[in-house]
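Here's start.cif, which has mmCIF, C-alpha atoms (C1' of nucleotides):
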```cif
data_final
#
loop_
_atom_site.label_atom_id
_atom_site.label_comp_id
_atom_site.auth_asym_id
_atom_site.auth_seq_id
_atom_site.Cartn_x
_atom_site.Cartn_y
_atom_site.Cartn_z
CA MET A 130 91.55 129.67 187.48
CA THR A 131 95.29 128.97 187.60
CA ALA A 132 96.53 126.49 185.04
CA GLN A 133 95.77 123.01 186.33
CA PRO A 134 98.25 120.18 185.78
CA GLY A 135 95.29 118.16 184.46
CA ARG A 136 94.57 120.33 181.45
CA ARG A 137 98.08 121.52 180.72
CA ARG A 138 99.36 121.53 177.17
CA ASP A 139 95.98 121.87 175.49
CA ALA A 140 96.23 124.60 172.90
CA ALA A 141 92.57 124.50 171.87
CA ALA A 142 91.34 124.80 175.45
CA THR A 143 93.71 127.67 176.16
CA ARG A 144 92.61 129.52 173.07
CA ALA A 145 88.96 129.03 173.99
CA ALA A 146 89.57 130.19 177.56
CA LEU A 147 91.18 133.37 176.27
CA LEU A 148 88.31 133.96 173.86
CA ASP A 149 85.69 133.51 176.58
CA ALA A 150 87.52 135.72 179.05
CA ALA A 151 87.94 138.39 176.40
CA ALA A 152 84.24 138.26 175.46
CA THR A 153 83.22 138.76 179.08
CA LEU A 154 85.63 141.58 179.81
CA PHE A 155 85.14 143.46 176.54
CA ALA A 156 81.38 143.42 177.18
CA GLU A 157 81.85 144.68 180.74
CA ARG A 158 84.48 147.35 180.20
CA GLY A 159 84.92 147.95 176.48
CA PHE A 160 88.07 147.63 174.43
CA ASP A 161 90.25 150.40 175.87
CA ARG A 162 89.63 149.64 179.52
CA THR A 163 90.30 145.93 179.20
CA THR A 164 94.00 145.07 179.36
CA VAL A 165 95.66 141.97 177.98
CA ARG A 166 96.81 141.20 181.53
CA ASP A 167 93.17 141.24 182.69
CA ILE A 168 92.16 138.82 179.96
CA ALA A 169 95.03 136.43 180.54
CA GLY A 170 94.45 136.59 184.29
CA GLN A 171 90.75 135.74 184.00
CA ALA A 172 91.59 132.88 181.63
CA GLY A 173 94.25 131.61 184.05
CA VAL A 174 96.88 131.74 181.37
CA ASN A 175 100.16 133.51 180.72
CA GLN A 176 99.60 136.68 178.74
CA ALA A 177 102.28 135.82 176.20
CA LEU A 178 99.94 133.10 174.93
CA LEU A 179 97.38 135.70 173.97
CA PHE A 180 99.85 137.05 171.44
CA ARG A 181 100.88 133.62 170.25
CA TYR A 182 97.29 132.56 169.54
CA PHE A 183 95.78 135.84 168.37
CA GLY A 184 98.67 138.05 167.35
CA SER A 185 97.40 141.25 168.92
CA LYS A 186 94.71 142.68 171.17
CA ASP A 187 93.00 144.15 168.10
CA ALA A 188 92.82 140.77 166.37
CA LEU A 189 91.42 139.14 169.50
CA PHE A 190 88.74 141.82 169.68
CA GLU A 191 87.81 141.19 166.07
CA GLU A 192 87.35 137.50 166.70
CA VAL A 193 85.24 138.12 169.81
CA MET A 194 83.03 140.65 168.06
CA ALA A 195 82.53 138.55 164.94
CA ARG A 196 81.66 135.42 166.90
CA GLY A 197 79.26 137.16 169.29
CA GLY A 198 77.43 139.17 166.65
CA ARG A 199 76.91 136.29 164.25
CA GLU A 200 75.77 133.92 167.00
CA HIS A 201 73.00 136.28 167.98
CA LEU A 202 71.98 137.07 164.42
CA ALA A 203 71.81 133.43 163.47
CA ALA A 204 69.62 132.64 166.47
CA THR A 205 67.03 135.38 165.90
CA THR A 206 64.58 135.98 163.05
CA PRO A 207 64.42 139.51 161.61
CA GLU A 208 60.84 139.88 162.92
CA ASN A 209 62.05 139.33 166.48
CA LEU A 210 65.39 141.06 166.16
CA PHE A 211 64.39 144.56 167.16
CA ASP A 212 62.15 143.47 169.99
CA ALA A 213 64.64 140.91 171.30
CA SER A 214 67.51 143.37 171.18
CA LEU A 215 65.46 146.07 172.89
CA ARG A 216 64.46 143.61 175.59
CA SER A 217 68.07 142.62 176.03
CA MET A 218 69.03 146.27 176.49
CA LEU A 219 66.31 146.71 179.10
CA GLU A 220 67.34 143.69 181.15
CA PRO A 221 69.20 144.32 184.42
CA ALA A 222 72.92 144.20 183.79
CA ASP A 223 73.46 141.21 186.05
CA SER A 224 70.61 139.10 184.70
CA GLY A 225 72.85 137.25 182.27
CA ARG A 226 70.16 137.59 179.61
CA ARG A 227 71.92 140.48 177.94
CA ASN A 228 73.30 140.36 174.43
CA PRO A 229 77.09 140.57 174.84
CA ALA A 230 77.64 141.65 171.24
CA LEU A 231 75.53 144.80 171.64
CA GLU A 232 77.12 145.45 174.99
CA THR A 233 80.61 145.15 173.54
CA TYR A 234 79.70 147.34 170.61
CA LEU A 235 78.40 150.00 172.97
CA ARG A 236 81.29 150.06 175.37
CA SER A 237 83.97 150.12 172.70
CA THR A 238 82.81 153.09 170.68
CA GLY A 239 85.64 155.27 171.91
CA SER A 240 88.32 153.21 170.18
CA ASP A 241 89.24 154.09 166.61
CA ASN A 242 91.70 151.30 165.83
CA ALA A 243 91.22 148.27 163.64
CA SER A 244 88.31 147.19 165.82
CA ALA A 245 86.21 149.96 164.27
CA ALA A 246 85.97 147.97 161.05
CA ILE A 247 84.52 144.84 162.61
CA ARG A 248 82.12 146.94 164.69
CA ARG A 249 80.80 148.53 161.52
CA GLU A 250 80.48 145.16 159.81
CA VAL A 251 78.43 143.68 162.63
CA GLY A 252 76.30 146.81 162.74
CA GLU A 253 75.59 146.55 159.04
CA GLU A 254 74.61 142.91 159.35
CA TYR A 255 72.06 143.84 162.02
CA ALA A 256 70.78 146.65 159.80
CA ARG A 257 70.41 144.38 156.78
CA ALA A 258 68.31 142.01 158.84
CA LEU A 259 66.08 144.82 160.09
CA ALA A 260 65.74 146.26 156.58
CA THR A 261 63.78 143.19 155.47
CA LEU A 262 60.94 144.32 157.70
CA THR A 263 59.77 147.15 155.47
CA ASP A 264 59.20 147.51 151.75
CA ALA A 265 59.92 151.24 151.71
CA PRO A 266 62.54 152.25 149.14
CA ASP A 267 64.75 153.70 151.89
CA ALA A 268 64.51 150.50 153.94
CA GLU A 269 68.18 150.41 154.87
CA LEU A 270 68.19 153.97 156.15
CA ARG A 271 65.12 153.24 158.24
CA ALA A 272 66.82 150.15 159.63
CA ASP A 273 69.91 152.16 160.52
CA LEU A 274 67.74 154.64 162.38
CA ALA A 275 65.99 151.89 164.31
CA LEU A 276 69.31 150.34 165.22
CA ALA A 277 70.61 153.76 166.25
CA TRP A 278 67.71 154.10 168.67
CA LEU A 279 68.46 150.71 170.15
CA LEU A 280 72.07 151.67 170.73
CA GLY A 281 71.11 155.09 172.06
CA ILE A 282 68.79 153.54 174.61
CA GLY A 283 71.54 151.20 175.69
CA LEU A 284 73.93 154.11 175.94
CA VAL A 285 71.69 156.27 178.08
CA ARG A 286 70.46 153.41 180.22
CA GLU A 287 73.63 151.46 180.82
CA ILE A 288 76.50 153.84 180.48
CA THR A 289 75.15 157.25 181.38
CA GLY A 290 72.45 156.00 183.74
CA THR A 291 70.03 158.88 183.10
CA GLU A 292 66.80 158.71 185.08
CA PRO A 293 63.97 157.85 184.73
CA LEU A 294 65.04 155.74 181.76
CA ALA A 295 67.71 153.82 183.64
CA SER A 296 65.23 152.20 186.01
CA ALA A 297 62.03 152.39 183.97
CA ASP A 298 59.72 149.42 183.50
CA PRO A 299 60.86 147.44 180.42
CA ASP A 300 57.26 146.85 179.28
CA HIS A 301 56.50 150.54 179.44
CA VAL A 302 59.63 151.53 177.53
CA SER A 303 59.10 148.78 175.01
CA GLN A 304 55.57 149.94 174.30
CA LEU A 305 56.61 153.56 173.70
CA VAL A 306 59.51 152.60 171.47
CA LEU A 307 57.66 150.02 169.41
CA THR A 308 54.83 152.43 168.73
CA ALA A 309 57.23 155.03 167.41
CA VAL A 310 59.32 152.55 165.45
CA ARG A 311 56.22 151.30 163.67
CA THR A 312 56.21 154.51 161.65
CA LEU A 313 59.62 153.46 160.35
CA LEU A 314 59.47 149.71 159.86
CA GLU A 315 56.14 148.60 158.47
CA ARG A 316 54.86 147.04 155.33
CA THR A 317 52.36 148.93 153.28
CA GLY A 318 50.76 145.72 152.01
CA MET B 116 100.02 179.13 169.48
CA THR B 117 103.34 179.18 171.35
CA ALA B 118 103.48 181.51 174.35
CA GLN B 119 104.10 185.00 173.04
CA PRO B 120 106.24 187.43 175.03
CA GLY B 121 103.35 189.89 174.59
CA ARG B 122 100.77 187.88 176.51
CA ARG B 123 103.02 186.29 179.05
CA ARG B 124 102.06 186.31 182.70
CA ASP B 125 98.32 186.47 182.10
CA ALA B 126 96.67 183.85 184.24
CA ALA B 127 93.15 184.44 182.95
CA ALA B 128 94.22 184.15 179.31
CA THR B 129 96.20 180.98 180.00
CA ARG B 130 93.26 179.40 181.80
CA ALA B 131 90.95 180.31 178.94
CA ALA B 132 93.37 178.94 176.35
CA LEU B 133 93.53 175.63 178.21
CA LEU B 134 89.73 175.51 178.47
CA ASP B 135 89.26 176.17 174.76
CA ALA B 136 91.90 173.66 173.74
CA ALA B 137 90.35 171.06 176.02
CA ALA B 138 86.86 171.70 174.64
CA THR B 139 88.09 171.19 171.08
CA LEU B 140 90.09 168.05 171.79
CA PHE B 141 87.55 166.38 174.08
CA ALA B 142 84.91 166.88 171.36
CA GLU B 143 87.20 165.43 168.70
CA ARG B 144 88.66 162.47 170.57
CA GLY B 145 86.78 161.98 173.82
CA PHE B 146 88.16 161.97 177.34
CA ASP B 147 90.39 158.89 177.33
CA ARG B 148 92.12 159.58 174.05
CA THR B 149 92.94 163.18 174.84
CA THR B 150 96.12 163.57 176.90
CA VAL B 151 97.04 166.49 179.11
CA ARG B 152 100.11 166.95 176.91
CA ASP B 153 97.85 167.33 173.85
CA ILE B 154 95.77 169.97 175.60
CA ALA B 155 98.72 171.96 176.88
CA GLY B 156 100.40 171.72 173.49
CA GLN B 157 97.37 173.02 171.61
CA ALA B 158 97.03 175.85 174.12
CA GLY B 159 100.73 176.67 173.76
CA VAL B 160 101.26 176.33 177.45
CA ASN B 161 103.29 174.19 179.83
CA GLN B 162 101.30 171.20 180.98
CA ALA B 163 102.08 171.83 184.63
CA LEU B 164 99.80 174.87 184.42
CA LEU B 165 96.86 172.63 183.61
CA PHE B 166 97.21 171.10 187.04
CA ARG B 167 97.78 174.43 188.73
CA TYR B 168 94.60 175.95 187.27
CA PHE B 169 92.30 172.93 187.22
CA GLY B 170 93.76 170.42 189.65
CA SER B 171 93.24 167.33 187.50
CA LYS B 172 92.21 166.17 184.05
CA ASP B 173 88.86 165.07 185.50
CA ALA B 174 88.15 168.52 186.92
CA LEU B 175 89.05 170.17 183.62
CA PHE B 176 86.65 167.85 181.81
CA GLU B 177 83.87 168.73 184.22
CA GLU B 178 84.35 172.44 183.58
CA VAL B 179 84.39 171.95 179.80
CA MET B 180 81.28 169.80 179.84
CA ALA B 181 79.32 172.07 182.16
CA ARG B 182 80.18 175.19 180.21
CA GLY B 183 79.43 173.69 176.79
CA GLY B 184 76.16 172.05 177.77
CA ARG B 185 74.71 175.06 179.53
CA GLU B 186 75.71 177.46 176.74
CA HIS B 187 73.77 175.43 174.21
CA LEU B 188 70.76 174.92 176.47
CA ALA B 189 70.53 178.59 177.30
CA ALA B 190 70.65 179.54 173.62
CA THR B 191 67.88 177.19 172.44
CA THR B 192 64.18 177.04 173.29
CA PRO B 193 62.77 173.60 174.19
CA GLU B 194 60.62 173.66 171.02
CA ASN B 195 63.74 173.89 168.88
CA LEU B 196 66.01 171.76 171.02
CA PHE B 197 65.34 168.36 169.47
CA ASP B 198 65.35 169.62 165.91
CA ALA B 199 68.43 171.77 166.42
CA SER B 200 70.34 168.97 168.10
CA LEU B 201 69.36 166.50 165.41
CA ARG B 202 70.46 168.95 162.72
CA SER B 203 73.73 169.44 164.53
CA MET B 204 74.29 165.68 164.58
CA LEU B 205 73.61 165.49 160.85
CA GLU B 206 76.01 168.27 159.90
CA PRO B 207 79.33 167.27 158.33
CA ALA B 208 81.96 166.92 161.03
CA ASP B 209 84.10 169.73 159.65
CA SER B 210 81.31 172.23 159.16
CA GLY B 211 81.91 173.90 162.49
CA ARG B 212 78.16 174.03 163.06
CA ARG B 213 78.19 170.99 165.33
CA ASN B 214 77.25 171.09 168.97
CA PRO B 215 80.49 170.37 170.86
CA ALA B 216 78.67 169.39 174.05
CA LEU B 217 76.82 166.51 172.36
CA GLU B 218 79.98 165.52 170.56
CA THR B 219 81.96 165.43 173.78
CA TYR B 220 79.23 163.49 175.53
CA LEU B 221 79.23 160.93 172.76
CA ARG B 222 82.95 160.42 172.51
CA SER B 223 83.52 160.12 176.24
CA THR B 224 81.05 157.39 177.06
CA GLY B 225 83.77 154.84 177.63
CA SER B 226 85.14 156.59 180.70
CA ASP B 227 83.66 155.78 184.08
CA ASN B 228 85.53 158.24 186.26
CA ALA B 229 84.28 161.41 187.87
CA SER B 230 83.37 162.74 184.45
CA ALA B 231 80.43 160.33 184.37
CA ALA B 232 78.60 162.47 186.92
CA ILE B 233 78.76 165.69 184.94
CA ARG B 234 77.78 163.84 181.77
CA ARG B 235 74.67 162.56 183.48
CA GLU B 236 73.84 166.02 184.82
CA VAL B 237 74.05 167.63 181.40
CA GLY B 238 72.00 164.80 179.93
CA GLU B 239 69.30 165.28 182.51
CA GLU B 240 69.16 169.01 181.85
CA TYR B 241 68.56 168.30 178.18
CA ALA B 242 65.88 165.78 179.08
CA ARG B 243 64.11 168.20 181.41
CA ALA B 244 63.93 170.75 178.62
CA LEU B 245 62.51 168.18 176.18
CA ALA B 246 60.00 166.96 178.77
CA THR B 247 58.17 170.30 178.65
CA LEU B 248 57.07 169.46 175.12
CA THR B 249 54.46 166.89 176.14
CA ASP B 250 51.78 166.78 178.79
CA ALA B 251 51.85 162.99 179.08
CA PRO B 252 52.33 161.75 182.65
CA ASP B 253 55.52 159.91 181.65
CA ALA B 254 56.94 163.03 180.00
CA GLU B 255 60.42 162.61 181.39
CA LEU B 256 60.72 159.02 180.22
CA ARG B 257 59.58 160.06 176.76
CA ALA B 258 62.15 162.84 176.77
CA ASP B 259 64.88 160.40 177.77
CA LEU B 260 63.93 158.15 174.89
CA ALA B 261 64.00 161.02 172.41
CA LEU B 262 67.40 162.08 173.68
CA ALA B 263 68.60 158.49 173.46
CA TRP B 264 67.64 158.43 169.81
CA LEU B 265 69.55 161.62 169.18
CA LEU B 266 72.65 160.18 170.78
CA GLY B 267 72.23 156.86 169.02
CA ILE B 268 72.06 158.59 165.64
CA GLY B 269 75.20 160.51 166.47
CA LEU B 270 76.88 157.30 167.56
CA VAL B 271 76.06 155.36 164.42
CA ARG B 272 76.70 158.26 162.09
CA GLU B 273 79.85 159.75 163.53
CA ILE B 274 81.64 157.03 165.39
CA THR B 275 80.65 153.80 163.73
CA GLY B 276 80.04 155.29 160.29
CA THR B 277 77.35 152.78 159.27
CA GLU B 278 75.96 153.30 155.78
CA PRO B 279 73.60 154.51 154.45
CA LEU B 280 72.98 156.60 157.58
CA ALA B 281 76.48 158.06 157.69
CA SER B 282 76.08 159.91 154.40
CA ALA B 283 72.30 160.21 154.15
CA ASP B 284 70.58 163.48 153.31
CA PRO B 285 69.92 165.42 156.55
CA ASP B 286 66.46 166.52 155.39
CA HIS B 287 65.45 162.96 154.65
CA VAL B 288 66.71 161.66 158.00
CA SER B 289 65.17 164.54 159.85
CA GLN B 290 61.78 163.90 158.30
CA LEU B 291 61.79 160.20 159.24
CA VAL B 292 62.92 160.87 162.79
CA LEU B 293 60.57 163.76 163.49
CA THR B 294 57.59 161.76 162.28
CA ALA B 295 58.40 158.94 164.64
CA VAL B 296 59.26 161.20 167.57
CA ARG B 297 55.90 162.93 167.24
CA THR B 298 54.30 159.81 168.72
CA LEU B 299 56.41 160.46 171.81
CA LEU B 300 56.49 164.21 172.29
CA GLU B 301 53.15 165.80 171.53
CA ARG B 302 50.48 167.68 173.40
CA THR B 303 47.03 166.22 173.53
CA GLY B 304 45.44 169.67 173.85
"C1'" DT C 133 116.25 106.80 174.27
"C1'" DC C 134 116.79 110.94 172.25
"C1'" DC C 135 115.20 114.39 169.28
"C1'" DG C 136 112.29 118.32 167.78
"C1'" DG C 137 108.36 120.77 167.74
"C1'" DT C 138 104.58 122.35 170.84
"C1'" DT C 139 102.91 124.55 175.01
"C1'" DG C 140 103.73 127.32 178.95
"C1'" DT C 141 106.41 130.75 181.89
"C1'" DA C 142 109.20 134.74 183.76
"C1'" DA C 143 111.18 138.74 182.86
"C1'" DG C 144 111.70 142.80 180.67
"C1'" DC C 145 111.45 146.63 177.00
"C1'" DA C 146 110.04 150.93 175.17
"C1'" DG C 147 106.56 154.09 175.20
"C1'" DC C 148 102.95 156.56 177.15
"C1'" DT C 149 99.98 158.31 181.08
"C1'" DG C 150 98.57 161.74 184.88
"C1'" DC C 151 100.82 164.32 188.01
"C1'" DT C 152 104.75 166.57 190.98
"C1'" DT C 153 108.77 169.02 192.13
"C1'" DA C 154 112.48 172.33 191.95
"C1'" DC C 155 113.53 176.34 190.05
"C1'" DA C 156 113.68 180.76 187.04
"C1'" DA C 157 111.75 185.03 185.72
"C1'" DA C 158 108.28 188.73 185.94
"C1'" DG C 159 106.06 192.25 188.12
"C1'" DC C 160 103.60 194.50 192.10
"C1'" DT C 161 104.36 196.84 196.65
"C1'" DA C 162 106.84 199.30 199.92
"C1'" DT D 103 115.94 199.06 195.14
"C1'" DA D 104 114.49 194.89 198.10
"C1'" DG D 105 111.33 191.49 198.95
"C1'" DC D 106 107.34 188.71 198.00
"C1'" DT D 107 103.87 186.59 195.34
"C1'" DT D 108 102.37 185.13 190.83
"C1'" DT D 109 103.27 183.03 186.45
"C1'" DG D 110 105.85 179.97 183.62
"C1'" DT D 111 109.34 176.13 182.61
"C1'" DA D 112 112.15 171.77 182.55
"C1'" DA D 113 112.75 167.58 184.25
"C1'" DG D 114 111.38 163.56 186.15
"C1'" DC D 115 108.59 159.93 188.85
"C1'" DA D 116 105.82 155.91 189.36
"C1'" DG D 117 102.65 153.23 187.20
"C1'" DC D 118 100.56 151.17 183.42
"C1'" DT D 119 100.23 149.65 178.44
"C1'" DG D 120 100.84 146.24 174.39
"C1'" DC D 121 104.16 143.28 173.04
"C1'" DT D 122 108.77 140.43 172.78
"C1'" DT D 123 112.35 137.43 174.07
"C1'" DA D 124 114.81 133.73 176.26
"C1'" DC D 125 114.08 129.72 178.27
"C1'" DA D 126 111.93 125.50 180.67
"C1'" DA D 127 108.75 121.57 180.63
"C1'" DC D 128 106.21 118.41 178.09
"C1'" DC D 129 105.30 114.75 174.81
"C1'" DG D 130 104.79 112.12 170.42
"C1'" DG D 131 107.48 109.80 166.96
"C1'" DA D 132 112.03 107.80 165.34
#
```
Written as structure tokens, how would this file's structure read?
Amino acid sequence: MTAQPGRRRDAAATRAALLDAAATLFAERGFDRTTVRDIAGQAGVNQALLFRYFGSKDALFEEVMARGGREHLAATTPENLFDASLRSMLEPADSGRRNPALETYLRSTGSDNASAAIRREVGEEYARALATLTDAPDAELRADLALAWLLGIGLVREITGTEPLASADPDHVSQLVLTAVRTLLERTG
Amino acid sequence: MTAQPGRRRDAAATRAALLDAAATLFAERGFDRTTVRDIAGQAGVNQALLFRYFGSKDALFEEVMARGGREHLAATTPENLFDASLRSMLEPADSGRRNPALETYLRSTGSDNASAAIRREVGEEYARALATLTDAPDAELRADLALAWLLGIGLVREITGTEPLASADPDHVSQLVLTAVRTLLERTG
DNA sequence: TCCGGTTGTAAGCAGCTGCTTACAAAGCTA
DNA sequence: TAGCTTTGTAAGCAGCTGCTTACAACCGGA
């Protein structure tokens, strides 16, 4: 991972390497527990470049969060969003099929800096997508509640590790949750 | 709050003051963002005493978490636990009617030190209480899911501040959630 | 060829963190 | 009163944090 003579002096590649390293580490450890030295180290780059290309750790986090959230939203229809996100939460952590945006969101909830704003924005975009699934007048509130459950399940399963939820069968969990959520997000028509 | 000549040399009172200050600050800011200097300052006590009486910041957190969680559990019947905890989550932050144990749990999820163990223990005690509400064979899993929802709602409402959930009417939210949770926690008899 | 901006590096700064140590005073016991 | 333990304080240590600065190497254009 050390800077190779072959790809030296390539600003775009360096920036991208920092962004990728940051996305990985923020998802694994959250904002507070990821240091700029960690990120630069994983990218194989001097840490001063992080500040040259992004200005601050906060600004880098914003860019990571915005990119990750919008990628996932753009790739998933609202009808599949809840199910896909729930499935992603229930995947084993090392499967690589997890949604890094949700993971990052979850592990960075302790921080109250500028990153809070972009977290809220991404959350509200998810909620707006989910709100299209019901024609109830309080659709957005119902969507927030569904999203809250998703995040809560991720919290208990991944971070706290409460049993039996932490190692429960994804199909079983999915069935229980989807049944209950149907009372929230359903069309009357 | 500064040490008064009147109550000087009272080990029990000093210990209690540290414990109370820690409970307040951990609930407000979480584990990582509360410093031992903050705690000692709020208790009006030299910070070296924190280490004399509790050994480490981790150990102090454990004692706070264990005390707070068990107090609330002992004071609430399982039938009321979900509703009471949900109501507590929906209270305004400054109302003083919040449950500090849930708050602390929520704001300390970023930390992966020794405090993770006591968090899990308290979580599992809550889940065991909720599990008595249904006679389904997967009662504990259902209880974990209900608890996850509770925590998720607290997360979105308090920490992220997503609208419209953050400022929604507690009665309205409560009605939506309880309806959905009834598909999880209900007796067939 | 030399010049000037771009890219990369090494070193360090100020501030904060949990925790420790050396010491002063208070108060019980004999 | 003398001595010992308990309680409290002031100062500081080592390590880490985000971020900055001074400087070297590179490279395209004149």
Suppose you want the space between atom CA of A:Arg162 and atom CA of B:Gly225; what is it in Å?
->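 Distance reported for this atom pair: 8.1 Å.
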Chain and number of each residue from the PyMOL selection byres ((chain B) within 10 of (chain D)), as a list in words =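 After applying the PyMOL selection byres ((chain B) within 10 of (chain D)), what remains is Ala118, Arg123, Arg124, Asp125, Ala126, Thr129, Val160, Asn161, Gln162, Ala163 and Leu164 of chain B.
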Please produce a file of those selected residues containing C-alpha atoms, as a CSV table (one decimal), in the frame of the given file.
```
chain,number,residue,atom,x,y,z
B,118,ALA,CA,103.5,181.5,174.4
B,123,ARG,CA,103.0,186.3,179.0
B,124,ARG,CA,102.1,186.3,182.7
B,125,ASP,CA,98.3,186.5,182.1
B,126,ALA,CA,96.7,183.8,184.2
B,129,THR,CA,96.2,181.0,180.0
B,160,VAL,CA,101.3,176.3,177.4
B,161,ASN,CA,103.3,174.2,179.8
B,162,GLN,CA,101.3,171.2,181.0
B,163,ALA,CA,102.1,171.8,184.6
B,164,LEU,CA,99.8,174.9,184.4
```
Evaluate the PyMOL selection byres ((chain C) within 12 of (chain B)) and record the selected residues as a PyMOL selection string, following the chain and residue labels used in the document.
-> chain C and resi 148-153+157-159
Using only C-alpha atoms, which residue out of B:Val288, B:Ala155, B:Ala208, B:Ala263 lies closest to chain A?
-> B:Ala263
For the interface of chain B with chain A (cut-off 6 Å, counting all atoms listed in the file), please tabulate each contacting residue of chain B alongside its nearest pair of atoms and their separation in Å to one decimal, rows sorted by chain and increasing number, as CSV.
```
residue,atom,partner,partner_atom,distance
B:Arg222,CA,A:Gly239,CA,5.8
B:Gly225,CA,A:Arg236,CA,5.8
B:Arg235,CA,A:Thr289,CA,5.7
B:Leu256,CA,A:Leu294,CA,5.6
B:Ala263,CA,A:Gly281,CA,4.5
B:Trp264,CA,A:Trp278,CA,4.5
B:Leu266,CA,A:Gly281,CA,5.5
B:Gly267,CA,A:Gly281,CA,3.7
B:Ile268,CA,A:Ala277,CA,5.1
B:Val271,CA,A:Ala277,CA,6.0
B:Thr275,CA,A:Arg249,CA,5.7
B:Thr277,CA,A:Arg249,CA,5.9
B:Pro279,CA,A:Leu270,CA,5.7
B:Leu280,CA,A:Leu270,CA,5.6
B:Ala295,CA,A:Ala309,CA,4.9
B:Thr298,CA,A:Ala309,CA,5.8
```
I need the chosen residues saved as a PDB file, in the frame of the given file, with C-alpha atoms.
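Produced file out00.pdb, reproduced below:
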```
ATOM      1  CA  ARG B 222      82.950 160.420 172.510  1.00  0.00           C
ATOM      2  CA  GLY B 225      83.770 154.840 177.630  1.00  0.00           C
ATOM      3  CA  ARG B 235      74.670 162.560 183.480  1.00  0.00           C
ATOM      4  CA  LEU B 256      60.720 159.020 180.220  1.00  0.00           C
ATOM      5  CA  ALA B 263      68.600 158.490 173.460  1.00  0.00           C
ATOM      6  CA  TRP B 264      67.640 158.430 169.810  1.00  0.00           C
ATOM      7  CA  LEU B 266      72.650 160.180 170.780  1.00  0.00           C
ATOM      8  CA  GLY B 267      72.230 156.860 169.020  1.00  0.00           C
ATOM      9  CA  ILE B 268      72.060 158.590 165.640  1.00  0.00           C
ATOM     10  CA  VAL B 271      76.060 155.360 164.420  1.00  0.00           C
ATOM     11  CA  THR B 275      80.650 153.800 163.730  1.00  0.00           C
ATOM     12  CA  THR B 277      77.350 152.780 159.270  1.00  0.00           C
ATOM     13  CA  PRO B 279      73.600 154.510 154.450  1.00  0.00           C
ATOM     14  CA  LEU B 280      72.980 156.600 157.580  1.00  0.00           C
ATOM     15  CA  ALA B 295      58.400 158.940 164.640  1.00  0.00           C
ATOM     16  CA  THR B 298      54.300 159.810 168.720  1.00  0.00           C
TER      17      THR B 298
END
```
How far is it from atom CA of B:Ser282 to atom CA of A:Leu314, in Å with one decimal?
->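 Rounded to one decimal, the two atoms are 20.2 Å apart.
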Matched chain/residue IDs from the PyMOL selection byres ((chain B and resi 176) around 10), as a PyMOL selection string | chain B and resi 134+137-138+141+145-146+169+171-175+177-182+219+229-230+233-234
